file query_2.txt (compact mmCIF, C-alpha atoms)
# COMPACT_ATOMS: atom_id res chain seq x y z
CA MET A 1201 175.67 93.17 -53.32
CA THR A 1202 176.98 96.63 -54.21
CA SER A 1203 177.65 98.94 -51.27
CA LEU A 1204 177.76 102.74 -51.40
CA THR A 1205 178.81 104.58 -48.25
CA LEU A 1206 177.86 108.16 -47.46
CA GLN A 1207 181.39 109.25 -48.36
CA GLU A 1208 181.05 107.62 -51.79
CA ILE A 1209 177.55 109.06 -52.27
CA LYS A 1210 178.85 112.57 -51.47
CA LYS A 1211 181.51 112.21 -54.18
CA LEU A 1212 178.96 111.50 -56.91
CA ASP A 1213 178.09 114.25 -59.38
CA LYS A 1214 174.84 116.06 -58.56
CA VAL A 1215 172.62 114.27 -61.10
CA SER A 1216 173.86 110.81 -60.10
CA ARG A 1217 173.31 111.61 -56.42
CA LEU A 1218 169.79 112.88 -57.17
CA ASN A 1219 169.00 109.72 -59.13
CA LEU A 1220 170.36 107.38 -56.45
CA ILE A 1221 168.78 109.03 -53.40
CA ASN A 1222 165.44 109.66 -55.12
CA SER A 1223 165.13 106.01 -56.14
CA CYS A 1224 166.54 104.27 -53.06
CA THR A 1225 163.48 104.65 -50.80
CA GLY A 1226 161.19 102.67 -53.12
CA TYR A 1227 158.17 103.43 -55.26
CA LYS A 1228 156.47 106.78 -54.70
CA SER A 1229 152.95 108.13 -55.09
CA ALA A 1230 152.30 110.08 -58.31
CA ASN A 1231 150.00 113.06 -57.98
CA LEU A 1232 149.21 116.24 -59.87
CA ILE A 1233 148.45 119.10 -57.49
CA GLY A 1234 146.06 121.68 -58.95
CA THR A 1235 145.85 125.24 -57.61
CA LYS A 1236 144.55 128.69 -58.55
CA THR A 1237 146.87 131.70 -58.53
CA ILE A 1238 145.60 134.91 -56.91
CA ASN A 1239 145.13 136.21 -60.47
CA GLY A 1240 142.79 133.34 -61.32
CA SER A 1241 145.18 131.31 -63.48
CA ASN A 1242 145.39 127.55 -63.11
CA ASN A 1243 148.54 125.82 -61.91
CA LEU A 1244 149.35 122.12 -62.09
CA ALA A 1245 152.49 120.37 -60.83
CA ILE A 1246 153.58 116.78 -60.28
CA PHE A 1247 154.49 115.63 -56.77
CA SER A 1248 155.86 112.29 -55.58
CA SER A 1249 155.80 112.91 -51.82
CA VAL A 1250 152.06 112.91 -51.02
CA THR A 1251 151.62 110.53 -48.05
CA HIS A 1252 148.63 109.44 -46.02
CA LEU A 1253 149.05 110.74 -42.45
CA GLY A 1254 145.96 109.44 -40.69
CA SER A 1255 142.32 108.58 -41.20
CA ASP A 1256 140.58 110.29 -38.26
CA PRO A 1257 140.90 113.15 -38.99
CA ALA A 1258 141.62 112.37 -42.67
CA LEU A 1259 144.98 114.00 -43.34
CA LEU A 1260 147.74 113.86 -45.93
CA GLY A 1261 151.14 115.50 -46.11
CA PHE A 1262 153.67 116.39 -48.78
CA ILE A 1263 157.06 118.04 -49.05
CA VAL A 1264 157.69 121.36 -50.81
CA ARG A 1265 161.02 122.91 -51.65
CA PRO A 1266 160.29 126.65 -51.50
CA ASN A 1267 163.39 127.59 -53.47
CA VAL A 1268 162.90 125.32 -56.47
CA VAL A 1269 160.23 124.42 -59.03
CA PRO A 1270 157.30 123.84 -58.42
CA ARG A 1271 157.32 126.79 -56.05
CA ASN A 1272 154.03 128.22 -57.35
CA THR A 1273 152.01 125.39 -55.84
CA TYR A 1274 153.05 126.28 -52.32
CA LYS A 1275 152.41 130.00 -52.83
CA ASN A 1276 148.95 129.32 -54.24
CA ILE A 1277 148.00 126.93 -51.43
CA LYS A 1278 149.04 129.47 -48.81
CA ALA A 1279 146.91 132.14 -50.53
CA GLN A 1280 143.85 130.06 -51.44
CA HIS A 1281 143.86 127.21 -48.86
CA TYR A 1282 142.01 124.75 -51.12
CA PHE A 1283 143.77 122.61 -53.73
CA SER A 1284 143.31 119.34 -55.60
CA VAL A 1285 145.34 116.10 -55.63
CA ASN A 1286 144.83 114.06 -58.81
CA HIS A 1287 146.05 110.59 -59.73
CA ILE A 1288 148.03 109.84 -62.90
CA THR A 1289 147.28 106.97 -65.28
CA ASP A 1290 149.56 105.20 -67.75
CA GLN A 1291 148.09 107.34 -70.57
CA MET A 1292 149.02 110.59 -68.78
CA ILE A 1293 152.67 110.03 -67.80
CA ALA A 1294 154.31 112.27 -70.43
CA LYS A 1295 151.85 115.12 -69.76
CA ALA A 1296 152.27 114.72 -66.01
CA HIS A 1297 156.08 114.76 -66.26
CA GLN A 1298 155.97 117.85 -68.49
CA THR A 1299 154.22 119.82 -65.68
CA SER A 1300 157.59 119.80 -63.88
CA ALA A 1301 159.01 122.23 -66.47
CA ASN A 1302 159.65 125.76 -65.20
CA TYR A 1303 156.70 127.56 -66.83
CA ASP A 1304 156.04 131.24 -66.18
CA GLU A 1305 153.52 131.82 -63.41
CA ASN A 1306 150.88 133.20 -65.81
CA ILE A 1307 150.97 130.08 -68.01
CA SER A 1308 148.52 127.33 -67.13
CA GLU A 1309 150.23 123.95 -67.11
CA PHE A 1310 146.81 122.46 -67.94
CA GLU A 1311 146.98 124.22 -71.33
CA ALA A 1312 150.71 123.73 -71.79
CA VAL A 1313 150.52 119.95 -71.41
CA ASN A 1314 146.95 119.49 -72.69
CA LEU A 1315 145.10 118.28 -69.60
CA THR A 1316 141.54 119.44 -68.88
CA PRO A 1317 140.56 121.54 -65.84
CA TRP A 1318 137.41 120.31 -64.09
CA TYR A 1319 135.45 121.95 -61.25
CA ASP A 1320 133.23 120.37 -58.61
CA GLY A 1321 130.71 123.23 -58.69
CA PHE A 1322 131.46 124.32 -55.13
CA HIS A 1323 135.14 125.31 -54.97
CA ASN A 1324 137.33 127.53 -57.17
CA VAL A 1325 139.91 124.75 -57.48
CA PRO A 1326 140.98 123.11 -60.75
CA PHE A 1327 140.93 119.31 -60.73
CA VAL A 1328 142.25 117.17 -63.60
CA ALA A 1329 139.29 115.84 -65.60
CA GLU A 1330 141.32 112.88 -66.89
CA SER A 1331 142.26 111.65 -63.37
CA PRO A 1332 140.39 108.58 -62.06
CA VAL A 1333 140.87 109.74 -58.43
CA LYS A 1334 140.60 113.42 -57.45
CA ILE A 1335 140.89 114.69 -53.88
CA LEU A 1336 139.80 118.10 -52.60
CA CYS A 1337 142.24 119.20 -49.89
CA LYS A 1338 142.47 122.13 -47.51
CA TYR A 1339 145.67 123.53 -46.01
CA VAL A 1340 145.85 122.84 -42.25
CA ASN A 1341 149.40 123.49 -41.11
CA GLU A 1342 153.05 123.23 -42.07
CA TYR A 1343 156.24 122.07 -40.38
CA PRO A 1344 159.54 123.50 -41.63
CA ILE A 1345 162.20 120.79 -41.80
CA LYS A 1346 165.32 122.66 -40.80
CA GLU A 1347 167.71 119.88 -41.86
CA ASN A 1348 167.27 120.75 -45.56
CA ASN A 1349 165.00 123.83 -45.70
CA THR A 1350 161.97 121.95 -46.96
CA ILE A 1351 158.41 122.29 -45.66
CA HIS A 1352 156.07 119.46 -44.68
CA VAL A 1353 152.59 120.69 -45.63
CA ILE A 1354 149.65 119.10 -43.77
CA ALA A 1355 146.21 119.14 -45.41
CA SER A 1356 142.80 117.75 -44.64
CA ILE A 1357 140.98 115.51 -47.12
CA GLU A 1358 137.67 117.28 -47.79
CA LYS A 1359 136.22 115.24 -50.66
CA ILE A 1360 137.16 112.18 -52.73
CA ILE A 1361 135.88 111.93 -56.30
CA CYS A 1362 136.66 108.74 -58.20
CA TYR A 1363 135.55 106.15 -60.71
CA PRO A 1364 132.88 104.03 -58.97
CA GLU A 1365 134.44 100.75 -60.11
CA LEU A 1366 137.55 101.48 -57.98
CA VAL A 1367 135.55 101.50 -54.72
CA GLN A 1368 135.48 97.94 -53.36
CA LYS A 1369 132.82 96.83 -50.92
CA ASP A 1370 134.97 97.72 -47.88
CA TYR A 1371 135.79 101.15 -49.40
CA TRP A 1372 139.32 100.11 -50.38
CA LEU A 1373 140.20 101.87 -53.66
CA ARG A 1374 141.70 99.28 -56.00
CA LEU A 1375 144.09 101.49 -57.97
CA ASP A 1376 145.19 99.04 -60.67
CA LEU A 1377 141.66 98.91 -62.13
CA ALA A 1378 142.24 102.47 -63.43
CA LYS A 1379 145.87 101.87 -64.48
CA ILE A 1380 147.15 104.38 -61.93
CA ILE A 1381 150.95 104.59 -61.97
CA THR A 1382 153.75 104.95 -59.43
CA ILE A 1383 157.11 106.77 -59.68
CA ASN A 1384 160.57 105.18 -59.51
CA GLY A 1385 163.05 107.96 -58.68
CA LEU A 1386 162.76 111.38 -60.32
CA ASP A 1387 161.58 110.36 -63.75
CA GLY A 1388 160.67 106.66 -64.01
CA TYR A 1389 156.99 105.75 -64.38
CA ALA A 1390 155.81 102.23 -63.60
CA LEU A 1391 152.41 100.50 -63.79
CA PRO A 1392 151.56 98.25 -60.82
CA GLN A 1393 149.40 95.16 -60.98
CA LEU A 1394 147.78 93.84 -57.81
CA ILE A 1395 149.30 90.59 -56.50
CA ASP A 1396 147.28 89.99 -53.34
CA ARG A 1397 145.53 91.61 -50.42
CA PHE A 1398 145.87 90.22 -46.90
CA SER A 1399 143.76 90.07 -43.74
CA TYR A 1400 144.74 91.94 -40.55
CA ALA A 1401 147.87 90.22 -39.20
CA LYS A 1402 147.85 88.55 -35.76
CA PRO A 1403 150.61 86.49 -34.12
CA ASP A 1404 150.40 82.76 -34.86
CA ILE A 1405 147.40 83.08 -37.19
CA SER A 1406 147.80 82.48 -40.92
CA LEU A 1407 147.02 85.38 -43.26
CA LYS A 1408 143.99 85.07 -45.53
CA SER A 1409 143.65 86.61 -48.95
CA LEU A 1410 140.95 89.29 -49.12
CA LEU A 1411 140.58 89.00 -52.89
CA MET B 910 132.31 109.66 -60.92
CA THR B 911 131.49 108.76 -57.31
CA SER B 912 131.84 111.59 -54.80
CA LEU B 913 132.38 111.19 -51.05
CA THR B 914 132.29 114.33 -48.94
CA LEU B 915 134.01 114.69 -45.58
CA GLN B 916 130.63 114.36 -43.86
CA GLU B 917 130.02 111.05 -45.66
CA ILE B 918 133.55 109.83 -44.93
CA LYS B 919 133.09 110.59 -41.22
CA LYS B 920 129.95 108.43 -41.14
CA LEU B 921 131.76 105.34 -42.46
CA ASP B 922 132.61 102.56 -40.02
CA LYS B 923 136.23 102.65 -38.83
CA VAL B 924 137.56 99.89 -41.11
CA SER B 925 135.93 101.37 -44.23
CA ARG B 926 137.32 104.82 -43.41
CA LEU B 927 140.79 103.35 -42.86
CA ASN B 928 140.60 101.51 -46.19
CA LEU B 929 139.39 104.56 -48.11
CA ILE B 930 141.79 107.14 -46.68
CA ASN B 931 144.80 104.80 -46.76
CA SER B 932 144.24 104.03 -50.44
CA CYS B 933 143.15 107.45 -51.76
CA THR B 934 146.61 109.06 -51.88
CA GLY B 935 148.02 106.53 -54.36
CA TYR B 936 150.67 103.83 -54.26
CA LYS B 937 153.03 103.82 -51.30
CA SER B 938 156.58 102.71 -50.65
CA ALA B 939 156.95 99.30 -48.99
CA ASN B 940 159.76 98.98 -46.47
CA LEU B 941 160.74 96.75 -43.61
CA ILE B 942 162.45 98.73 -40.84
CA GLY B 943 164.93 96.68 -38.83
CA THR B 944 166.03 97.69 -35.32
CA LYS B 945 167.74 96.29 -32.20
CA THR B 946 166.04 96.49 -28.81
CA ILE B 947 168.16 97.61 -25.85
CA ASN B 948 168.15 93.93 -24.79
CA GLY B 949 169.75 92.91 -28.09
CA SER B 950 166.66 91.36 -29.70
CA ASN B 951 165.85 92.04 -33.34
CA ASN B 952 162.73 93.91 -34.40
CA LEU B 953 161.24 94.16 -37.87
CA ALA B 954 158.13 96.08 -38.95
CA ILE B 955 156.54 97.07 -42.23
CA PHE B 956 156.12 100.77 -43.06
CA SER B 957 154.42 102.44 -46.02
CA SER B 958 155.32 106.08 -45.29
CA VAL B 959 159.07 106.19 -45.97
CA THR B 960 159.63 109.20 -48.25
CA HIS B 961 162.71 110.74 -49.80
CA LEU B 962 163.24 114.22 -48.33
CA GLY B 963 166.31 115.49 -50.12
CA SER B 964 169.57 114.38 -51.69
CA ASP B 965 172.11 116.83 -50.24
CA PRO B 966 172.18 115.96 -47.40
CA ALA B 967 170.66 112.55 -48.16
CA LEU B 968 167.58 112.37 -45.94
CA LEU B 969 164.40 110.34 -45.66
CA GLY B 970 161.38 110.65 -43.40
CA PHE B 971 158.57 108.42 -42.16
CA ILE B 972 155.55 108.65 -39.90
CA VAL B 973 155.22 106.78 -36.59
CA ARG B 974 152.12 106.46 -34.46
CA PRO B 975 153.54 106.21 -30.93
CA ASN B 976 150.35 104.79 -29.47
CA VAL B 977 149.81 101.91 -31.90
CA VAL B 978 151.73 98.98 -33.39
CA PRO B 979 154.56 99.07 -34.49
CA ARG B 980 155.55 101.19 -31.52
CA ASN B 981 158.72 99.19 -30.81
CA THR B 982 160.44 100.51 -33.93
CA TYR B 983 160.29 104.11 -32.71
CA LYS B 984 161.48 103.21 -29.20
CA ASN B 985 164.42 101.24 -30.60
CA ILE B 986 165.44 104.00 -33.01
CA LYS B 987 165.40 106.57 -30.21
CA ALA B 988 167.60 104.32 -28.07
CA GLN B 989 170.01 103.02 -30.72
CA HIS B 990 169.99 105.77 -33.42
CA TYR B 991 170.89 103.40 -36.28
CA PHE B 992 168.30 101.32 -38.14
CA SER B 993 167.81 99.63 -41.51
CA VAL B 994 165.26 100.22 -44.29
CA ASN B 995 164.78 97.17 -46.51
CA HIS B 996 162.79 96.73 -49.72
CA ILE B 997 160.15 94.05 -50.21
CA THR B 998 159.90 91.78 -53.26
CA ASP B 999 156.91 89.90 -54.65
CA GLN B 1000 158.17 86.71 -52.95
CA MET B 1001 158.21 88.40 -49.52
CA ILE B 1002 154.77 90.05 -49.33
CA ALA B 1003 153.08 87.60 -46.92
CA LYS B 1004 156.09 87.59 -44.58
CA ALA B 1005 156.33 91.38 -44.73
CA HIS B 1006 152.62 91.82 -43.98
CA GLN B 1007 152.86 89.39 -41.05
CA THR B 1008 155.44 91.68 -39.35
CA SER B 1009 152.52 94.06 -38.66
CA ALA B 1010 151.10 91.59 -36.10
CA ASN B 1011 151.36 92.69 -32.47
CA TYR B 1012 154.22 90.43 -31.33
CA ASP B 1013 155.65 90.68 -27.83
CA GLU B 1014 158.71 92.91 -27.62
CA ASN B 1015 161.06 89.98 -26.87
CA ILE B 1016 159.98 88.05 -29.98
CA SER B 1017 162.03 88.68 -33.13
CA GLU B 1018 159.77 89.25 -36.12
CA PHE B 1019 162.65 87.93 -38.26
CA GLU B 1020 162.16 84.51 -36.63
CA ALA B 1021 158.38 84.77 -36.42
CA VAL B 1022 157.95 85.39 -40.16
CA ASN B 1023 161.07 83.52 -41.35
CA LEU B 1024 163.22 86.31 -42.74
CA THR B 1025 167.00 86.28 -42.27
CA PRO B 1026 168.90 88.93 -40.26
CA TRP B 1027 172.06 90.19 -42.01
CA TYR B 1028 174.79 92.49 -40.68
CA ASP B 1029 177.15 94.81 -42.53
CA GLY B 1030 180.08 94.07 -40.22
CA PHE B 1031 180.23 97.61 -38.86
CA HIS B 1032 176.87 98.36 -37.19
CA ASN B 1033 174.76 96.43 -34.68
CA VAL B 1034 171.70 96.78 -36.92
CA PRO B 1035 169.76 93.89 -38.46
CA PHE B 1036 169.13 94.17 -42.20
CA VAL B 1037 166.92 91.77 -44.16
CA ALA B 1038 169.15 89.36 -46.09
CA GLU B 1039 166.40 88.69 -48.66
CA SER B 1040 165.95 92.41 -49.56
CA PRO B 1041 167.45 93.59 -52.87
CA VAL B 1042 167.89 97.15 -51.50
CA LYS B 1043 169.00 97.78 -47.91
CA ILE B 1044 169.63 101.25 -46.47
CA LEU B 1045 171.54 102.04 -43.28
CA CYS B 1046 169.90 105.06 -41.62
CA LYS B 1047 170.67 107.23 -38.62
CA TYR B 1048 168.12 109.17 -36.57
CA VAL B 1049 168.53 112.92 -37.09
CA ASN B 1050 165.43 114.65 -35.71
CA GLU B 1051 161.68 114.38 -35.31
CA TYR B 1052 158.72 116.70 -35.76
CA PRO B 1053 155.56 115.98 -33.77
CA ILE B 1054 152.46 116.49 -35.94
CA LYS B 1055 149.99 117.90 -33.47
CA GLU B 1056 146.98 117.49 -35.78
CA ASN B 1057 146.86 113.71 -35.16
CA ASN B 1058 149.57 112.94 -32.59
CA THR B 1059 151.92 111.30 -35.04
CA ILE B 1060 155.66 111.90 -35.35
CA HIS B 1061 157.59 112.65 -38.53
CA VAL B 1062 160.99 110.99 -38.03
CA ILE B 1063 163.89 112.41 -40.08
CA ALA B 1064 166.91 110.18 -40.76
CA SER B 1065 170.11 110.42 -42.73
CA ILE B 1066 170.98 107.83 -45.37
CA GLU B 1067 174.38 106.46 -44.31
CA LYS B 1068 174.86 103.52 -46.68
CA ILE B 1069 173.01 101.89 -49.59
CA ILE B 1070 173.50 98.17 -50.23
CA CYS B 1071 171.81 96.69 -53.28
CA TYR B 1072 171.94 94.21 -56.11
CA PRO B 1073 174.47 95.59 -58.64
CA GLU B 1074 172.14 95.01 -61.60
CA LEU B 1075 169.70 97.60 -60.22
CA VAL B 1076 172.26 100.44 -60.45
CA GLN B 1077 171.92 102.01 -63.90
CA LYS B 1078 174.78 104.03 -65.41
CA ASP B 1079 173.44 107.33 -64.00
CA TYR B 1080 172.96 105.73 -60.53
CA TRP B 1081 169.19 105.47 -60.91
CA LEU B 1082 168.03 102.29 -59.16
CA ARG B 1083 165.66 100.45 -61.50
CA LEU B 1084 163.39 98.79 -58.96
CA ASP B 1085 161.37 96.51 -61.24
CA LEU B 1086 164.46 94.45 -62.10
CA ALA B 1087 164.32 93.02 -58.56
CA LYS B 1088 160.49 92.69 -58.48
CA ILE B 1089 160.20 95.24 -55.69
CA ILE B 1090 156.56 95.85 -54.76
CA THR B 1091 154.41 98.82 -53.77
CA ILE B 1092 151.45 99.07 -51.37
CA ASN B 1093 147.85 99.96 -52.25
CA GLY B 1094 146.13 101.02 -49.02
CA LEU B 1095 146.69 99.10 -45.80
CA ASP B 1096 147.00 95.59 -47.15
CA GLY B 1097 147.17 95.45 -50.96
CA TYR B 1098 150.49 94.50 -52.56
CA ALA B 1099 151.16 95.32 -56.22
CA LEU B 1100 154.06 94.64 -58.56
CA PRO B 1101 155.05 97.57 -60.82
CA GLN B 1102 156.55 97.25 -64.27
CA LEU B 1103 158.47 100.18 -65.74
CA ILE B 1104 156.67 101.98 -68.60
CA ASP B 1105 159.13 104.76 -69.44
CA ARG B 1106 161.65 107.18 -68.06
CA PHE B 1107 161.76 110.80 -69.22
CA SER B 1108 164.36 113.53 -69.65
CA TYR B 1109 164.36 116.69 -67.49
CA ALA B 1110 161.30 118.71 -68.54
CA LYS B 1111 161.67 122.20 -70.04
CA PRO B 1112 158.95 124.47 -71.47
CA ASP B 1113 158.36 123.98 -75.21
CA ILE B 1114 160.86 121.12 -75.56
CA SER B 1115 159.65 117.58 -76.21
CA LEU B 1116 160.47 114.93 -73.61
CA LYS B 1117 162.90 112.18 -74.57
CA SER B 1118 162.85 108.65 -73.26
CA LEU B 1119 165.90 107.81 -71.15
CA LEU B 1120 165.49 104.04 -71.66
call {"tool": "encode", "arguments": {"input": "query_2.txt", "output": "structure tokens"}}
result
Amino acid sequence: MTSLTLQEIKKLDKVSRLNLINSCTGYKSANLIGTKTINGSNNLAIFSSVTHLGSDPALLGFIVRPNVVPRNTYKNIKAQHYFSVNHITDQMIAKAHQTSANYDENISEFEAVNLTPWYDGFHNVPFVAESPVKILCKYVNEYPIKENNTIHVIASIEKIICYPELVQKDYWLRLDLAKIITINGLDGYALPQLIDRFSYAKPDISLKSLL
Amino acid sequence: MTSLTLQEIKKLDKVSRLNLINSCTGYKSANLIGTKTINGSNNLAIFSSVTHLGSDPALLGFIVRPNVVPRNTYKNIKAQHYFSVNHITDQMIAKAHQTSANYDENISEFEAVNLTPWYDGFHNVPFVAESPVKILCKYVNEYPIKENNTIHVIASIEKIICYPELVQKDYWLRLDLAKIITINGLDGYALPQLIDRFSYAKPDISLKSLL
């Protein structure tokens, strides 16, 4: 085994340290967050920190860095409250990654990377038409993380729109059926394939496969 | 597309709602957190909310639910400060899932599920010998999330121990080389395979593959 202490990690150049720390926690969710600017333009940015927080109420959270790209997402969410979270498939990885470029605020990343805005007919929020899972979210609260000047944004899940074939009979969304991807580090895109699904674990009782 | 509104989601039975909301945000990290009790027993529990927070300082965060299993992890971290975060491979998924069973506090999940405790020689913290990536962490702070009575625990990354073949020349850890898995929902385990890795995105410049 290779061992890297904090002292050794601190001595790495910035890009190496970013690569190491961003990849060491494991695979990450891959989501495009869609927002409207106050001028009515569309904004789209890739995030890898969206995490389920709880089911009742249905909440998710993600981390924003107010001083770096994609700063527009946070500003738009604070102004408009509603936003969309859209999944990324294997066919979309280059377009999704390109949304992380530092575009001017008046340029729509949808147009710049050639993804299609889609609306649910009720909210002035751009979703990604090509995404097999789209979530309508509403800003609820935020917690500043003082240790590194980031912000943990908390949002409620207001609507889930997805391909019907993903919804299994117990409402589990089987993500590999739509070739949804996951992120390894800052810039690696990987396609998962389901291995197994297990029953609720109890002491001294063998697990059963739910597949 | 299928559409589920918040009103429809609220009407689902508890298990269906858990399945839907836990799977709708995308793939999740899969980690075993290892701790010592104040009595010196080992504790091991699976988490799917460990998220990279920042690289300088190197921080991660995860969500604990103080009123439900695995509550022991949080208690041990508060008492001992140091803990381990260990990755899960395709060969370990049943053992890792079984750690979520509600074992008595004096029972070591390492023994119960047949995983091997490993020590770095400097800290009284059990790592998982079988894990290809092991991280030594130290409690830094916590932020109570009042919206659902969870706690966002912030920890510093103190040491990274991993298989040398995972460390690429720019310190990116290529996770698929060790068959590290990701979680779909509460109980689905999936094995990702790398598709591509892209250069830093800039407006009007084509992405290059870093592989």
call {"tool": "residues_around", "arguments": {"input": "query_2.txt", "residues": "region 1285-1289 of chain A", "least_positions_apart": "4", "cutoff": "9 Å", "atoms": "all atoms listed in the file", "output": "PyMOL selection string"}}
result
(chain A and resi 1229-1234+1250+1293+1296+1327-1337+1378-1382+1391) or (chain B and resi 934-935)
call {"tool": "atom_distance", "arguments": {"input": "query_2.txt", "atom1": "CA of Asn1239 (chain A)", "atom2": "CA of Asn1314 (chain A)"}}
result
20.8 Å
call {"tool": "interface_residues", "arguments": {"input": "query_2.txt", "of": "chain B", "to": "chain A", "cutoff": "6 Å", "atoms": "only C-alpha atoms", "output": "count of residues only"}}
result
45
call {"tool": "atom_distance", "arguments": {"input": "query_2.txt", "atom1": "CA of Phe956 (chain B)", "atom2": "CA of Ile1277 (chain A)"}}
result
28.6 Å
call {"tool": "atom_distance", "arguments": {"input": "query_2.txt", "atom1": "CA of His1281 (chain A)", "atom2": "CA of Lys920 (chain B)"}}
result
24.6 Å
call {"tool": "residues_around", "arguments": {"input": "query_2.txt", "residues": "Asn951 (chain B)", "least_positions_apart": "2", "cutoff": "12 Å", "atoms": "all atoms listed in the file", "output": "PyMOL selection string"}}
result
chain B and resi 942-949+953-954+981-982+985-986+992-993+1012-1021+1024-1028+1033-1037
call {"tool": "closest_residue", "arguments": {"input": "query_2.txt", "among": "A:Leu1377, A:His1323, A:Met1292, A:Pro1266", "to": "Lys1278 (chain A)", "atoms": "all atoms listed in the file"}}
result
A:Pro1266
call {"tool": "axis_aligned_box", "arguments": {"input": "query_2.txt", "around": "region 1289-1299 of chain A", "padding_each_side": "5 Å", "output": "lines of an AutoDock Vina configuration file"}}
result
center_x = 151.7
center_y = 112.5
center_z = -67.9
size_x = 18.8
size_y = 24.6
size_z = 15.3
call {"tool": "decode", "arguments": {"input": "query_2.txt", "residues": "region 1229-1244 of chain A", "atoms": "N, CA and C atoms", "output": "PDB file, in the first residue's frame"}}
result
ATOM      1  N   SER A1229     -22.016  11.553  -7.327  1.00  0.00           N
ATOM      2  CA  SER A1229     -23.177  11.782  -8.177  1.00  0.00           C
ATOM      3  C   SER A1229     -22.809  12.764  -9.279  1.00  0.00           C
ATOM      4  N   ALA A1230     -23.499  12.668 -10.407  1.00  0.00           N
ATOM      5  CA  ALA A1230     -23.235  13.540 -11.559  1.00  0.00           C
ATOM      6  C   ALA A1230     -24.545  14.206 -11.941  1.00  0.00           C
ATOM      7  N   ASN A1231     -24.621  15.501 -11.739  1.00  0.00           N
ATOM      8  CA  ASN A1231     -25.883  16.206 -11.986  1.00  0.00           C
ATOM      9  C   ASN A1231     -25.643  17.526 -12.692  1.00  0.00           C
ATOM     10  N   LEU A1232     -26.532  17.867 -13.588  1.00  0.00           N
ATOM     11  CA  LEU A1232     -26.553  19.198 -14.186  1.00  0.00           C
ATOM     12  C   LEU A1232     -27.636  20.000 -13.479  1.00  0.00           C
ATOM     13  N   ILE A1233     -27.248  21.133 -12.894  1.00  0.00           N
ATOM     14  CA  ILE A1233     -28.227  21.997 -12.233  1.00  0.00           C
ATOM     15  C   ILE A1233     -28.615  23.109 -13.195  1.00  0.00           C
ATOM     16  N   GLY A1234     -29.931  23.197 -13.464  1.00  0.00           N
ATOM     17  CA  GLY A1234     -30.468  24.196 -14.390  1.00  0.00           C
ATOM     18  C   GLY A1234     -31.161  25.315 -13.636  1.00  0.00           C
ATOM     19  N   THR A1235     -30.831  26.560 -13.995  1.00  0.00           N
ATOM     20  CA  THR A1235     -31.440  27.731 -13.348  1.00  0.00           C
ATOM     21  C   THR A1235     -31.759  28.799 -14.394  1.00  0.00           C
ATOM     22  N   LYS A1236     -32.604  29.748 -13.991  1.00  0.00           N
ATOM     23  CA  LYS A1236     -32.876  30.960 -14.774  1.00  0.00           C
ATOM     24  C   LYS A1236     -32.163  32.132 -14.120  1.00  0.00           C
ATOM     25  N   THR A1237     -31.545  32.999 -14.915  1.00  0.00           N
ATOM     26  CA  THR A1237     -31.017  34.246 -14.361  1.00  0.00           C
ATOM     27  C   THR A1237     -32.184  35.226 -14.192  1.00  0.00           C
ATOM     28  N   ILE A1238     -31.958  36.319 -13.452  1.00  0.00           N
ATOM     29  CA  ILE A1238     -33.034  37.300 -13.288  1.00  0.00           C
ATOM     30  C   ILE A1238     -33.372  37.984 -14.616  1.00  0.00           C
ATOM     31  N   ASN A1239     -32.460  37.881 -15.605  1.00  0.00           N
ATOM     32  CA  ASN A1239     -32.743  38.439 -16.924  1.00  0.00           C
ATOM     33  C   ASN A1239     -33.447  37.447 -17.848  1.00  0.00           C
ATOM     34  N   GLY A1240     -33.700  36.235 -17.351  1.00  0.00           N
ATOM     35  CA  GLY A1240     -34.426  35.258 -18.157  1.00  0.00           C
ATOM     36  C   GLY A1240     -33.550  34.321 -18.963  1.00  0.00           C
ATOM     37  N   SER A1241     -32.226  34.448 -18.846  1.00  0.00           N
ATOM     38  CA  SER A1241     -31.345  33.508 -19.540  1.00  0.00           C
ATOM     39  C   SER A1241     -31.307  32.174 -18.796  1.00  0.00           C
ATOM     40  N   ASN A1242     -30.934  31.135 -19.525  1.00  0.00           N
ATOM     41  CA  ASN A1242     -30.774  29.819 -18.918  1.00  0.00           C
ATOM     42  C   ASN A1242     -29.335  29.583 -18.496  1.00  0.00           C
ATOM     43  N   ASN A1243     -29.176  28.912 -17.380  1.00  0.00           N
ATOM     44  CA  ASN A1243     -27.847  28.555 -16.883  1.00  0.00           C
ATOM     45  C   ASN A1243     -27.832  27.070 -16.595  1.00  0.00           C
ATOM     46  N   LEU A1244     -26.700  26.428 -16.894  1.00  0.00           N
ATOM     47  CA  LEU A1244     -26.576  24.991 -16.642  1.00  0.00           C
ATOM     48  C   LEU A1244     -25.145  24.706 -16.185  1.00  0.00           C
TER      49      LEU A1244
END
